[in-house]
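Trainee: Dropping in model07.cif, with mmCIF, C-alpha atoms.
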```
data_entry
#
loop_
_atom_site.label_atom_id
_atom_site.label_comp_id
_atom_site.auth_asym_id
_atom_site.auth_seq_id
_atom_site.Cartn_x
_atom_site.Cartn_y
_atom_site.Cartn_z
CA MET A 1 -4.65 -3.43 -9.20
CA ARG A 2 -7.39 -3.20 -11.83
CA VAL A 3 -10.38 -1.01 -11.06
CA LEU A 4 -13.69 -0.80 -12.87
CA GLN A 5 -15.75 2.34 -12.45
CA ILE A 6 -19.44 1.83 -13.29
CA ILE A 7 -21.04 5.22 -13.88
CA GLU A 8 -24.81 5.29 -13.78
CA THR A 9 -25.68 8.68 -12.31
CA ALA A 10 -25.30 11.04 -15.26
CA TYR A 11 -25.12 14.82 -15.54
CA ARG A 12 -24.94 15.19 -11.80
CA ALA A 13 -23.98 18.84 -11.25
CA THR A 14 -22.01 18.83 -14.48
CA LEU A 15 -22.74 22.49 -15.17
CA GLU A 16 -21.41 23.61 -11.80
CA GLU A 17 -18.50 21.22 -11.96
CA GLN A 18 -17.71 21.81 -15.64
CA ASP A 19 -17.23 18.08 -16.01
CA ASP A 20 -18.53 14.79 -14.70
CA THR A 21 -17.00 14.34 -11.27
CA VAL A 22 -16.57 10.58 -11.61
CA LEU A 23 -14.90 10.81 -15.02
CA TRP A 24 -12.68 13.51 -13.57
CA PHE A 25 -11.90 11.32 -10.59
CA THR A 26 -11.11 8.37 -12.83
CA ARG A 27 -8.67 10.40 -14.87
CA ALA A 28 -7.09 11.65 -11.64
CA ILE A 29 -6.53 8.22 -10.11
CA ARG A 30 -5.21 6.92 -13.43
CA SER A 31 -2.64 9.71 -13.24
CA ALA A 32 -1.79 8.40 -9.78
CA GLY A 33 -1.19 4.91 -11.12
CA ALA A 34 -4.60 3.22 -11.01
CA ALA A 35 -5.47 0.90 -13.88
CA ALA A 36 -9.02 2.18 -13.98
CA ASP A 37 -11.57 1.51 -16.72
CA VAL A 38 -15.17 2.66 -17.14
CA VAL A 39 -18.54 1.14 -17.84
CA LEU A 40 -21.34 3.57 -18.72
CA ALA A 41 -24.73 2.34 -17.58
CA GLY A 42 -28.27 3.68 -17.41
CA THR A 43 -28.59 7.35 -18.30
CA ALA A 44 -24.80 7.69 -18.32
CA VAL A 45 -24.64 5.86 -21.67
CA ASN A 46 -25.56 9.24 -23.13
CA TYR A 47 -22.04 10.38 -22.26
CA ALA A 48 -20.89 8.34 -25.26
CA VAL A 49 -22.82 10.48 -27.75
CA ARG A 50 -20.72 12.69 -30.01
CA GLY A 51 -21.24 16.44 -30.37
CA GLN A 52 -22.82 17.38 -27.06
CA ASP A 53 -22.84 21.12 -26.45
CA ALA A 54 -23.63 22.63 -23.05
CA HIS A 55 -22.86 26.23 -23.98
CA GLY A 56 -25.33 28.98 -23.18
CA LEU A 57 -25.98 28.87 -19.46
CA SER A 58 -26.50 32.38 -18.11
CA ILE A 59 -27.90 33.52 -14.81
CA GLY A 60 -28.45 37.25 -14.49
CA ALA A 61 -25.30 39.00 -15.65
CA TRP A 62 -23.28 35.87 -15.27
CA SER A 63 -22.75 33.49 -18.14
CA GLN A 64 -20.73 30.32 -18.22
CA ARG A 65 -17.43 30.55 -20.06
CA HIS A 66 -16.38 26.92 -19.87
CA PRO A 67 -19.27 24.50 -19.92
CA PRO A 68 -18.71 20.80 -19.43
CA ALA A 69 -17.49 18.82 -22.42
CA ILE A 70 -18.24 15.28 -21.45
CA ASP A 71 -17.36 13.83 -24.85
CA HIS A 72 -13.97 15.53 -24.62
CA GLU A 73 -13.46 14.08 -21.13
CA LEU A 74 -14.29 10.60 -22.35
CA THR A 75 -11.99 10.94 -25.33
CA LYS A 76 -9.14 12.04 -23.08
CA LEU A 77 -9.78 9.05 -20.87
CA ILE A 78 -9.68 6.68 -23.83
CA GLU A 79 -6.52 8.33 -25.14
CA SER A 80 -4.89 7.70 -21.76
CA GLY A 81 -5.38 3.98 -22.32
CA ALA A 82 -8.57 3.38 -20.39
CA SER A 83 -11.19 0.98 -21.66
CA VAL A 84 -14.62 2.63 -21.87
CA CYS A 85 -17.68 0.62 -22.68
CA ALA A 86 -21.43 1.19 -22.53
CA ILE A 87 -24.23 -1.21 -21.73
CA ALA A 88 -25.71 -2.22 -25.09
CA GLU A 89 -29.27 -2.61 -23.83
CA ASP A 90 -29.19 0.85 -22.22
CA LEU A 91 -27.97 2.36 -25.49
CA GLU A 92 -30.73 0.64 -27.43
CA GLU A 93 -33.42 1.76 -24.97
CA ARG A 94 -32.37 5.34 -25.62
CA GLY A 95 -32.06 5.01 -29.38
CA ILE A 96 -28.34 5.69 -29.39
CA ALA A 97 -26.95 4.21 -32.58
CA ALA A 98 -23.34 3.13 -33.05
CA GLU A 99 -22.71 5.84 -35.64
CA SER A 100 -23.56 8.59 -33.15
CA MET A 101 -21.10 7.35 -30.55
CA LEU A 102 -17.60 8.49 -29.75
CA ALA A 103 -14.79 6.49 -31.31
CA GLY A 104 -13.28 4.06 -28.85
CA VAL A 105 -16.37 3.43 -26.75
CA THR A 106 -17.31 -0.23 -27.01
CA ARG A 107 -20.59 -1.97 -26.23
CA VAL A 108 -21.07 -4.70 -23.65
CA SER A 109 -24.28 -6.64 -23.15
CA ARG A 110 -25.69 -7.27 -19.69
CA LYS A 111 -25.17 -10.99 -20.09
CA ASP A 112 -21.44 -10.40 -20.59
CA LEU A 113 -21.14 -7.96 -17.72
CA SER A 114 -20.44 -10.53 -15.01
CA GLY A 115 -17.49 -11.86 -16.98
CA LEU A 116 -16.18 -8.33 -17.35
CA LEU A 117 -16.53 -7.62 -13.62
CA GLY A 118 -14.56 -10.75 -12.86
CA ARG A 119 -11.50 -9.32 -14.54
CA TYR A 120 -11.18 -6.51 -11.98
CA ASP A 121 -9.84 -6.37 -8.43
CA ARG A 122 -12.17 -3.55 -7.42
CA VAL A 123 -15.55 -2.63 -8.88
CA TRP A 124 -17.12 0.67 -7.82
CA LYS A 125 -20.57 1.73 -8.91
CA TRP A 126 -21.26 5.45 -8.92
CA MET B 1 -6.45 -14.00 7.13
CA PRO B 2 -8.97 -11.47 8.48
CA THR B 3 -9.31 -8.11 6.82
CA LYS B 4 -7.73 -5.44 9.00
CA SER B 5 -7.96 -2.19 7.11
CA LEU B 6 -10.63 -0.47 5.06
CA THR B 7 -10.91 2.62 2.88
CA PHE B 8 -14.20 4.49 2.63
CA LEU B 9 -15.04 7.10 0.02
CA LEU B 10 -17.96 9.35 0.97
CA MET B 11 -19.63 11.74 -1.46
CA ASP B 12 -22.90 12.99 0.04
CA ALA B 13 -23.13 16.39 1.69
CA PRO B 14 -24.34 16.48 5.27
CA TYR B 15 -28.09 16.49 5.88
CA GLU B 16 -28.91 15.18 2.38
CA GLN B 17 -29.00 11.40 2.52
CA THR B 18 -29.41 8.63 5.03
CA ARG B 19 -26.33 7.14 3.41
CA THR B 20 -24.20 9.50 5.49
CA ALA B 21 -25.48 8.13 8.78
CA THR B 22 -25.17 4.60 7.43
CA ALA B 23 -21.59 5.24 6.40
CA PHE B 24 -20.74 6.53 9.86
CA ARG B 25 -22.39 3.50 11.43
CA LEU B 26 -20.29 1.22 9.22
CA MET B 27 -17.11 3.10 10.04
CA ASP B 28 -17.91 3.11 13.75
CA ALA B 29 -18.51 -0.64 13.68
CA ALA B 30 -15.26 -1.17 11.83
CA VAL B 31 -13.29 0.91 14.34
CA ARG B 32 -14.90 -0.98 17.23
CA MET B 33 -13.91 -4.26 15.58
CA GLY B 34 -10.29 -3.16 15.36
CA PHE B 35 -10.06 -2.17 11.72
CA THR B 36 -7.80 0.61 10.58
CA ILE B 37 -9.93 3.10 8.68
CA ARG B 38 -9.06 5.54 5.92
CA VAL B 39 -11.63 8.05 4.67
CA PHE B 40 -11.59 10.08 1.49
CA ALA B 41 -14.29 12.75 1.39
CA TYR B 42 -15.24 13.79 -2.12
CA GLU B 43 -17.57 16.55 -3.33
CA GLY B 44 -20.24 17.45 -0.75
CA ALA B 45 -18.79 15.10 1.82
CA VAL B 46 -15.94 17.54 2.47
CA SER B 47 -18.49 19.52 4.48
CA LEU B 48 -18.93 16.68 6.96
CA PRO B 49 -16.02 17.81 9.20
CA VAL B 50 -16.82 21.56 8.96
CA THR B 51 -16.80 22.95 12.47
CA GLN B 52 -19.23 25.82 11.84
CA GLN B 53 -22.11 23.35 11.90
CA LYS B 54 -24.27 24.18 14.88
CA PRO B 55 -27.07 22.34 16.62
CA HIS B 56 -30.36 24.17 16.78
CA PRO B 57 -33.49 24.19 18.92
CA ASN B 58 -36.68 22.85 17.42
CA ALA B 59 -39.89 24.62 18.27
CA LEU B 60 -42.05 21.97 16.64
CA HIS B 61 -40.44 19.42 18.87
CA GLY B 62 -40.89 21.74 21.84
CA ARG B 63 -37.22 21.48 22.74
CA ASN B 64 -34.47 24.02 23.33
CA VAL B 65 -31.05 23.56 21.82
CA ASP B 66 -29.71 21.47 24.67
CA GLU B 67 -32.77 19.26 24.81
CA GLU B 68 -32.89 18.79 21.08
CA ALA B 69 -29.23 17.69 20.87
CA HIS B 70 -29.36 17.99 17.13
CA PRO B 71 -26.76 15.79 15.41
CA VAL B 72 -23.88 17.62 13.75
CA PRO B 73 -21.63 15.60 11.49
CA HIS B 74 -18.40 17.31 12.53
CA VAL B 75 -19.01 15.91 16.00
CA TRP B 76 -19.41 12.47 14.44
CA VAL B 77 -16.09 12.90 12.64
CA ARG B 78 -14.29 14.08 15.78
CA SER B 79 -15.82 11.30 17.85
CA LEU B 80 -14.93 8.63 15.33
CA MET B 81 -11.36 9.91 15.10
CA GLN B 82 -11.10 9.97 18.88
CA ARG B 83 -12.34 6.41 19.19
CA ALA B 84 -9.83 5.30 16.56
CA VAL B 85 -7.02 6.96 18.52
CA GLU B 86 -8.18 5.18 21.67
CA ARG B 87 -7.91 1.91 19.75
CA GLU B 88 -4.39 2.97 18.73
CA LYS B 89 -5.40 2.94 15.07
CA PRO B 90 -5.69 6.61 14.12
CA LEU B 91 -8.21 7.36 11.41
CA ASP B 92 -6.85 9.19 8.40
CA TRP B 93 -9.48 11.55 6.94
CA VAL B 94 -8.63 13.34 3.70
CA ASN B 95 -10.83 16.03 2.21
CA CYS B 96 -10.59 16.52 -1.57
CA GLY B 97 -8.83 19.87 -1.84
CA LEU B 98 -10.57 21.16 -4.95
CA CYS B 99 -13.94 20.22 -3.45
CA VAL B 100 -12.96 22.16 -0.32
CA ASP B 101 -12.12 25.21 -2.41
CA GLU B 102 -15.42 25.04 -4.29
CA ARG B 103 -17.35 25.03 -1.04
CA GLY B 104 -15.13 27.14 1.21
CA ALA B 105 -15.13 24.21 3.60
CA THR B 106 -11.85 25.15 5.21
CA GLU B 107 -12.56 25.18 8.94
CA VAL B 108 -12.61 21.54 9.80
CA VAL B 109 -12.02 19.13 12.63
CA SER B 110 -8.40 18.93 13.75
CA GLY B 111 -6.60 16.10 12.04
CA VAL B 112 -8.57 16.27 8.79
CA ARG B 113 -6.15 16.91 6.00
CA ARG B 114 -6.38 18.16 2.45
CA GLY B 115 -5.57 15.89 -0.45
CA SER B 116 -6.40 14.66 -3.92
CA PRO B 117 -7.61 11.50 -5.66
CA ALA B 118 -3.99 10.38 -5.59
CA ASP B 119 -4.32 10.14 -1.82
CA PHE B 120 -7.44 8.04 -2.28
CA TRP B 121 -5.49 5.72 -4.52
CA LYS B 122 -2.74 5.41 -1.91
CA MET B 123 -5.42 4.52 0.62
CA VAL B 124 -6.88 1.89 -1.69
CA THR B 125 -3.55 0.27 -2.41
CA GLY B 126 -2.62 0.36 1.28
CA THR B 127 -5.78 -1.22 2.71
CA ASP B 128 -7.46 -4.56 2.35
CA ASN B 129 -10.63 -3.28 0.70
CA ALA B 130 -12.44 -0.11 -0.26
CA LEU B 131 -16.09 0.88 -0.15
CA VAL B 132 -17.24 3.73 -2.39
CA ILE B 133 -20.52 5.32 -1.26
CA PRO B 134 -21.51 7.72 -4.04
CA THR B 135 -24.37 10.16 -4.38
CA ARG B 136 -27.55 9.10 -6.17
#
```
Show me this structure written as structure tokens.
Mentor:
Amino acid sequence: MRVLQIIETAYRATLEEQDDTVLWFTRAIRSAGAAADVVLAGTAVNYAVRGQDAHGLSIGAWSQRHPPAIDHELTKLIESGASVCAIAEDLEERGIAAESMLAGVTRVSRKDLSGLLGRYDRVWKW
Amino acid sequence: MPTKSLTFLLMDAPYEQTRTATAFRLMDAAVRMGFTIRVFAYEGAVSLPVTQQKPHPNALHGRNVDEEAHPVPHVWVRSLMQRAVEREKPLDWVNCGLCVDERGATEVVSGVRRGSPADFWKMVTGTDNALVIPTR
């Protein structure tokens, strides 16, 4: 069964979680046998940008030792065989150029999205 | 062939979104219609079956605790599970274990079990369709 995960809500509690919970979930169900791929949409297209650094959070005497590394999470997902693409129009709106993106993340235009959705048995939008 | 089984994934914590009540309404309707229901609670939704939730009085409403009858989600969970048992189609509710640990949400309605996304995937592959209701 092929599953497409559309991620639109970005950076939701990523500091507390030390990752993106939907990317984490996708990696977990792939480990359980799901053929799950990802489309980044809306603000989540920023996940495809290389070199993000969330170090430095400190609250009182506490400081975060392991901040989220979304680019690392995405790379791991791609290395596991998942297809990861980002909505081209959403990238352009945010000024995210191809050269600043992670290797392996492809672009898909909105007009081609319906054809992409049709190739999956389940489509879940987060 | 009619659909006979459904998986729901819930993500919102109790008392945060109207989506929670809507999800319970959908699940209740499905149970009434004879569907077999599977639920995977992810992130804040693992607090839905927590039994420490307590109804409270509401002075602004001018009602004591009994009169107010404040909704508590763990009662919804228990009631839904009970109805499913009465229909001889027990409801399987799995709380994401890591999410439980993060929140200390360990005291839950009897019958709720701990699991992982692998359990969600088993639910998906074992039911006719799946509805993911994420946070926004």
Trainee: If you count all atoms listed in the file, which residues fall within 12 Å of Thr125 in chain B, apart from same-chain ones fewer than 2 positions away, as number ranges by chain?
Mentor: A: 1-3, 29, 32-35, 121-122; B: 5-7, 38, 118-123, 127-130
Trainee: Restricting the calculation to only C-alpha atoms: of A:Val123, A:Val38, A:Leu91, A:Cys85, which residue gets closest to chain B?
Mentor: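 Under the stated criterion, the closest residue is A:Val123.
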Trainee: Run the PyMOL selection byres ((chain B and resi 94) around 8) on the file and write out the hits as a PyMOL selection string.
Mentor: chain B and resi 39-41+92-93+95-96+112-115+119
Trainee: Between A:Ala61, A:Leu23, A:Leu117, A:Ala97, single out the one closest to chain B, counting all atoms listed in the file.
Mentor: A:Leu23
Trainee: Once the PyMOL selection byres ((chain B and resi 108) around 7) is applied to the coordinates I shared, what remains selected? I want it as a PyMOL selection string.
Mentor: chain B and resi 49-51+106-107+109-110+112
Trainee: Kindly give the distance, in Å, that separates CA of Leu131 in chain B and CA of Leu10 in chain B, rounded to a single decimal.
Mentor: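 Distance reported for this atom pair: 8.7 Å.
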Trainee: Could you state which residues are captured by the PyMOL selection byres ((chain B and resi 53) around 8) in this file, as a ChimeraX atom specification?
Mentor: /B:50-52,54-55,72-74
Trainee: Please identify every residue of range 37-120 of chain B that has at least one atom no farther than 10 Å from an atom of range 15-29 of chain B, counting all atoms listed in the file, and for each give the shortest atom pair and the distance in Å to one decimal, arranged by chain then increasing number, as CSV.
Mentor:
```
residue,atom,partner,partner_atom,distance
B:Ile37,CA,B:Met27,CA,7.3
B:Arg38,CA,B:Met27,CA,9.4
B:Val39,CA,B:Met27,CA,9.1
B:Gly44,CA,B:Glu16,CA,9.5
B:Ala45,CA,B:Thr20,CA,8.6
B:Leu48,CA,B:Thr20,CA,9.0
B:Pro71,CA,B:Tyr15,CA,9.6
B:Val72,CA,B:Tyr15,CA,9.0
B:Pro73,CA,B:Tyr15,CA,8.6
B:Trp76,CA,B:Phe24,CA,7.6
B:Val77,CA,B:Phe24,CA,8.4
B:Ser79,CA,B:Asp28,CA,9.4
B:Leu80,CA,B:Asp28,CA,6.5
B:Met81,CA,B:Asp28,CA,9.5
B:Arg83,CA,B:Asp28,CA,8.5
B:Ala84,CA,B:Asp28,CA,8.8
B:Leu91,CA,B:Met27,CA,10.0
```
Trainee: Could the centre and edge lengths of an axis-aligned box, enclosing all atoms of range 56-64 of chain B in the file with 8 Å extra on each side, be given in Å to one decimal as JSON?
Mentor:
```
{"center_x": -36.2, "center_y": 22.0, "center_z": 20.0, "size_x": 27.7, "size_y": 21.2, "size_z": 22.7}
```
Trainee: Can you tell me which residues surround range 20-22 of chain A at a distance of at most 8 Å, considering only C-alpha atoms, apart from same-chain residues fewer than 3 positions away, and format the answer as a count of residues only?
Mentor: 12
Trainee: Taking (-22.5, 8.4, -22.3) in the file's coordinates, which residues come within 10 Å, counting all atoms listed in the file, written as an MDAnalysis selection string?
Mentor: chainID A and resid 7:8 10:11 39:50 70:71 74 84:87 91 96 101:102 105
Trainee: A:Leu4, A:Leu15, A:Ile59, A:Ala28: which is nearest chain B, counting all atoms listed in the file?
Mentor: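 Ranked by minimum distance to chain B, first place goes to A:Ala28.
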Trainee: Calculated over only C-alpha atoms, which of the candidates B:Ala105, B:Cys99, B:Ser47, B:Val65 has the smallest distance to chain A?
Mentor: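 The answer is B:Cys99, which sits nearest to chain A.
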Trainee: To one decimal place, how far is CA of Asp90 in chain A from CA of Val132 in chain B in Å?
Mentor: 23.3 Å
Trainee: Between B:Glu43, B:Pro57, B:Met33, B:Val85, which has the minimum distance to Leu98 in chain B (counting only C-alpha atoms)?
Mentor: B:Glu43
